[in-house]
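Have a look at the structure below before the remarks.
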Amino acid sequence: MRVVLVSMPWALANRPSIQLGALKAFVTQQFADRLHVMTAHPYLTVARALGRRLYQRIAERTWLGEAVYGALLFPERFEACEKLFQKQWRRCKAGFAPNFQQIVLTVQRLHETMPLWMDLEQAHLVGFSVCFAQLTSSLYLARAIKERVPSAHIVFGGSLVSGFQGRSVMEFFPWVDFVISGEGEKPLTRLLSRLLGANEAALSCDDSWGAGIFYRRGKTQVAGDGLDQITNLDSLPFPDYSDFFREAALHEERTPIFALPVESSRGCWWHRARQDKPNQRACRFCNLNLQWRGYRSKKPDRIVKELQTLAERYGCLRFVFVDNALNSARLLETATKIRSTGKDFDFFGEVRLPLSRACVRALKLAGFQRIQAGVEALSDALLRRLGKGTRVIDNVAWMRHCEEFGIENRSNLLMEFPGTTFEEVQETLAVLRRISVFRPLKGVRFWLGEGSPVAMEAAAHGLSAVGNHPFYAAFFPEHVCRHGRFLMKTYRADRSYQRRLWQPVRRFLAEWQKNDAAFRARMGENTPRLGYIDGGTFLLVRRRDHNGQVLETFRLSGPSRDIYLSCLDPVPLMYLHKKHEKFTSKGLEGFLHDMVAKGLLFESDGWFLSLAVREGLQKFLSATDRFQERLPESTNCQPFQAAPLERRAQECQTF
């Protein structure tokens with residue numbers, strides 16, 4: 001039995017598909033020689049034909065890519081797809097739009113003549129990983145396969161076809177035979193086992209295919225439900241990327257250096273959704289966990305072994321952790337063990353906050369060069385509305401630590417969330433003015449996702465008339481747009497008001513980006529706008545303008561130095577009173593508020609954080625972080641918020 005697993009454009013062309021690599025390794029392990037599995041990455045061929053720069057530009061925006069294949073999927077909608085493409089290209093601000101018709105024709109010729117057809121025509125099952133911006137491309141090639149090879153079983157899986165979205169795909173696109181909802185290892189293995197041992201008559205029976213598989217019952221009805229997950233991620237084989245590298249080398253004089261995707265966990269430990277309580281403790285705007293139930297993570301030793309094996313097997317040191325949220329409870333241990341390998345890794349990952357200064361330092365030393373954290377807001381009231389479970393001071397501390405240790409902070413500031421108040425936006429602006437010495441956040445507009453808590457409780461958030469995004473009408477027939485369920489939604493609410501309300505923030509972010517770019521161009525990446533150097537008994541704190549000129553220098557000697565260094569992580573006032581008890585309350589609080597007024601300390605709800613970051617290499621050479629201390633158990637003051645959140649992450653590893 002021959003199985004072909006496919007990842008279509010517009011997957012990023014600088015990395016293999018972890019979905020395909022993981023499934024191939026698992027299925028091969030389960031079936032040994034009983035079937036042959038290969039993976040195919042047509043996006044490599046398309047990227048080569050269009051040019052990597054143009055391909056990357058299209059891949060970065062969902063609607064651009066979906067419009068290209070929408071014109072191939074339904075040729076009668078070519079003009080509507082072209083208008084959508086041109087409109088979205090203008091929003092990219094990337095100059096003149098390329099010739100849409102030429103792009104479509106190029107892609108069409110590639111798919112009609114690609115060598116992959118030799119394998120597809122012999123396949124018993126063709127599986128598609130359908131993730132961001134891969135819906136129309138997967139539907140297009142799947143239909144072409146079904147027309148050429150009617151006996152081939154077409155299976156879809158991935159984040160865009162989990163739950164109700166997968167059921168809709170089967171209802172409106174009859175050439176899709178099965179959809180795997182949720183993670184695919186166990187459902188796909190069960191599906192293949194049945195296909196191996198059954199004839200067509202047996203396959204048409206109406207009995208269930210088990211959890212995690214949507215299937216056809218008769219000609220019109222789609223049945224199936226549930227998820228079937230791996231409990232112990234450490235039991236999984238390492239992903240197999242051999243087919244990807246073989247494809248990449250076919251037409252290249254020299255194989256490019258790729259980034260390898262790797263996972264250390266599945267799900268999000270903050271999103272503990274259950275069937276009876278789907279929104280429990282979830283970020284209100286997030287729909288990234290539709291395909292998971294619970295949170296599971298690999299042990300640090302297993303993660304390190306996987307990284308070492310993949311690095312040696314494929315000659316690569318650059319990795320992308322695809323986790324929704326790295327395991328905060330074991331992040332310090334994992335980073336320390338990665339560092340002990342002695343390899344010059346280059347990582348990207350996503351984390352949930354808060355994280356301590358010591359943990360961020362360990363991540364940098366392990367090789368994390370770029371990290372996206374769940375910042376989203378700089379208003380405590382808005383963070384509560386979003387369901388983040390974090391505070392403004394946690395977000396500011398994260399930005400400070402990234403600045404200090406040279407981590408590229410790729411975090412977002414979410415704007416225009418329904419119901420945001422004038423006061424919340426003003427609080428956001430006030431915080432932005434105080435932290436503009438750090439690298440800027442990226443402003444992103446709220447969009448409503450299928451299955452997110454706010455979509456599931458639309459009325460409670462002031463939303464009405466929730467439906468599929470109108471852009472789907474550019475490439476899908478009207479009845480599909482009206483009755484199907486797709487990822488991006490539209491709604492009625494206070495959208496015009498929110499756009500006006502957030503305009504000052506948008507302008508501030510633009511100016512912040514401009515000033516930061518000018519500063520980095522003049523001073524390089526390692527010079528901070530607000531930094532300190534430590535003389536052992538005194539600190540020199542220097543503030544620079546966006547041209548790199550030192551505007552002010554502050555000398556903090558003796559006790560002033562000690563107090564300032566006590567606030568390298570957020571600490572409450574009562575803790576500072578206990579740690580520096582020889583000072584009077586009036587004297588200590590007077591110093592703290594003077595530092596806040598000078599812009600050297602950040603204060604929020606009785607908690608304090610030093611804003612200046614240490615310059616020079618001593619911050620990396622220290623064996624331990626002298627000032628990382630837990631509150632004494634005997635104190636009655638509020639404990640660090642990091643501790644209970646880390647415990648929650650530990651609790652959520654099983655489900």
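Simple scheme: letters A, B, ... for chains in structure tokens order, numbers from 1 for residues in each chain, numbers from 1 for ligands in the order shown.
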Would you pick out the contacts of Tyr497 (chain A) at 12 Å or less, using only C-alpha atoms, so that residues sharing its chain but fewer than 4 positions from it are not included, and give the list as a compact mmCIF listing (two decimals) with N, CA and C atoms, in the first residue's frame?
# COMPACT_ATOMS: atom_id res chain seq x y z
N MET A 415 -4.87 45.26 19.16
CA MET A 415 -5.69 46.46 19.14
C MET A 415 -7.10 46.14 18.67
N GLU A 416 -8.04 46.98 19.07
CA GLU A 416 -9.43 46.96 18.59
C GLU A 416 -10.21 45.75 19.06
N PHE A 417 -9.84 45.20 20.24
CA PHE A 417 -10.64 44.12 20.80
C PHE A 417 -12.01 44.68 21.17
N PRO A 418 -13.10 43.99 20.81
CA PRO A 418 -14.44 44.52 21.06
C PRO A 418 -14.65 44.88 22.54
N GLY A 419 -15.22 46.05 22.76
CA GLY A 419 -15.54 46.48 24.11
C GLY A 419 -14.43 47.19 24.85
N THR A 420 -13.26 47.35 24.21
CA THR A 420 -12.18 48.07 24.86
C THR A 420 -12.62 49.50 25.18
N THR A 421 -12.29 49.98 26.36
CA THR A 421 -12.75 51.30 26.80
C THR A 421 -11.70 52.37 26.55
N PHE A 422 -12.15 53.62 26.61
CA PHE A 422 -11.25 54.77 26.48
C PHE A 422 -10.18 54.73 27.56
N ARG A 492 -20.65 42.06 13.72
CA ARG A 492 -21.05 43.44 13.97
C ARG A 492 -20.81 43.75 15.45
N ALA A 493 -20.21 44.93 15.68
CA ALA A 493 -19.95 45.37 17.05
C ALA A 493 -19.52 46.84 16.97
N LEU A 501 -10.64 54.82 18.39
CA LEU A 501 -10.10 54.80 19.74
C LEU A 501 -8.62 54.45 19.75
N TRP A 502 -8.20 53.54 18.87
CA TRP A 502 -6.84 53.04 18.86
C TRP A 502 -5.90 53.82 17.95
N GLN A 503 -6.41 54.84 17.27
CA GLN A 503 -5.55 55.62 16.37
C GLN A 503 -4.33 56.22 17.06
Original post:
Hey, what's within 8 Å of region 521-536 of chain A if we count only C-alpha atoms and toss same-chain stuff fewer than 2 positions away? As a PyMOL selection string, please?
Top reply: chain A and resi 403-404+406+437-438+517-519+538-548+611-616
Subject >> Neighbour list for Thr136 (chain A) as a ChimeraX atom specification, cut-off 9 Å, only C-alpha atoms, skip fewer than 5 positions in-chain >> reply: /A:65-70,72-73,141,475
Original post:
Taking into account only C-alpha atoms, which residue in the set A:Asn515, A:Ser610, A:Ser356, A:Ser159 is nearest to Asn287 (chain A)?
Top reply: A:Ser159
**OP:** Find the residues around Leu332 (chain A) up to 10 Å (only C-alpha atoms counted), leave out those fewer than 5 positions away in its own chain, and share them as a PyMOL selection string.
**Re:** chain A and resi 300+327+337-338+355-356+358-363+366
Output file for the selection above: N, CA and C atoms, as a PDB file, in the first residue's frame:
ATOM      1  N   PRO A 300      12.727  17.286  29.434  1.00  0.00           N
ATOM      2  CA  PRO A 300      13.906  18.017  28.928  1.00  0.00           C
ATOM      3  C   PRO A 300      14.935  17.126  28.262  1.00  0.00           C
ATOM      4  N   ASN A 327       6.804  24.854  27.807  1.00  0.00           N
ATOM      5  CA  ASN A 327       6.450  24.500  29.182  1.00  0.00           C
ATOM      6  C   ASN A 327       7.196  25.397  30.168  1.00  0.00           C
ATOM      7  N   LYS A 337      19.955  22.354  29.966  1.00  0.00           N
ATOM      8  CA  LYS A 337      20.426  21.110  29.356  1.00  0.00           C
ATOM      9  C   LYS A 337      20.767  21.302  27.876  1.00  0.00           C
ATOM     10  N   ILE A 338      20.035  22.152  27.188  1.00  0.00           N
ATOM     11  CA  ILE A 338      20.385  22.449  25.797  1.00  0.00           C
ATOM     12  C   ILE A 338      21.751  23.122  25.741  1.00  0.00           C
ATOM     13  N   LEU A 355       7.960  35.365  32.863  1.00  0.00           N
ATOM     14  CA  LEU A 355       9.218  34.636  32.941  1.00  0.00           C
ATOM     15  C   LEU A 355      10.226  35.499  33.688  1.00  0.00           C
ATOM     16  N   SER A 356      11.016  34.880  34.548  1.00  0.00           N
ATOM     17  CA  SER A 356      11.992  35.614  35.341  1.00  0.00           C
ATOM     18  C   SER A 356      13.189  36.014  34.495  1.00  0.00           C
ATOM     19  N   ALA A 358      16.259  35.367  35.206  1.00  0.00           N
ATOM     20  CA  ALA A 358      17.152  34.217  35.128  1.00  0.00           C
ATOM     21  C   ALA A 358      16.729  33.269  34.016  1.00  0.00           C
ATOM     22  N   CYS A 359      15.426  33.086  33.846  1.00  0.00           N
ATOM     23  CA  CYS A 359      14.932  32.184  32.811  1.00  0.00           C
ATOM     24  C   CYS A 359      15.201  32.753  31.421  1.00  0.00           C
ATOM     25  N   VAL A 360      14.990  34.044  31.240  1.00  0.00           N
ATOM     26  CA  VAL A 360      15.241  34.672  29.937  1.00  0.00           C
ATOM     27  C   VAL A 360      16.730  34.610  29.607  1.00  0.00           C
ATOM     28  N   ARG A 361      17.572  34.833  30.609  1.00  0.00           N
ATOM     29  CA  ARG A 361      19.018  34.710  30.405  1.00  0.00           C
ATOM     30  C   ARG A 361      19.381  33.292  29.966  1.00  0.00           C
ATOM     31  N   ALA A 362      18.785  32.295  30.614  1.00  0.00           N
ATOM     32  CA  ALA A 362      19.063  30.902  30.257  1.00  0.00           C
ATOM     33  C   ALA A 362      18.608  30.593  28.842  1.00  0.00           C
ATOM     34  N   LEU A 363      17.457  31.144  28.420  1.00  0.00           N
ATOM     35  CA  LEU A 363      16.980  30.936  27.060  1.00  0.00           C
ATOM     36  C   LEU A 363      17.962  31.499  26.040  1.00  0.00           C
ATOM     37  N   ALA A 366      20.976  29.322  25.780  1.00  0.00           N
ATOM     38  CA  ALA A 366      20.671  28.058  25.107  1.00  0.00           C
ATOM     39  C   ALA A 366      20.615  28.216  23.599  1.00  0.00           C
TER      40      ALA A 366
END
**OP:** Enter the distance from CA of Arg410 (chain A) to CA of Ile371 (chain A), in Å, rounded to one decimal.
**Re:**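 Between these atoms lies a distance of 5.9 Å.
Straight-line separation from CA of Phe156 (chain A) to CA of Gly127 (chain A): 5.7 Å.
Counting only C-alpha atoms, region 318-323 of chain A has the following residues at most 8 Å away, ignoring those fewer than 4 positions along the same chain: Phe258, Ala259, Leu260, Pro261, Val262, Glu263, Ser264, Ser265, Arg266, Gly267, Phe345, Asp346, Phe347, Phe348, Gly349 and Glu350 of chain A.
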**OP:** Considering only C-alpha atoms, state which residue in the set A:Ala430, A:Leu317, A:Ile257, A:Ala465 is at the smallest distance from Phe245 (chain A).
**Re:** A:Ile257
Subject >> Contact residues around Glu82 (chain A) with only C-alpha atoms at 10 Å, ignoring same-chain residues under 2 positions, as a PyMOL selection string >> reply: chain A and resi 64+67-68+70-71+77-80+84-88+99-101+104+474-475
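With only C-alpha atoms as the atoms that count, the residue of A:Arg384, A:Pro98, A:Leu365, A:Trp270 with the shortest distance to Leu621 (chain A) is A:Leu365.
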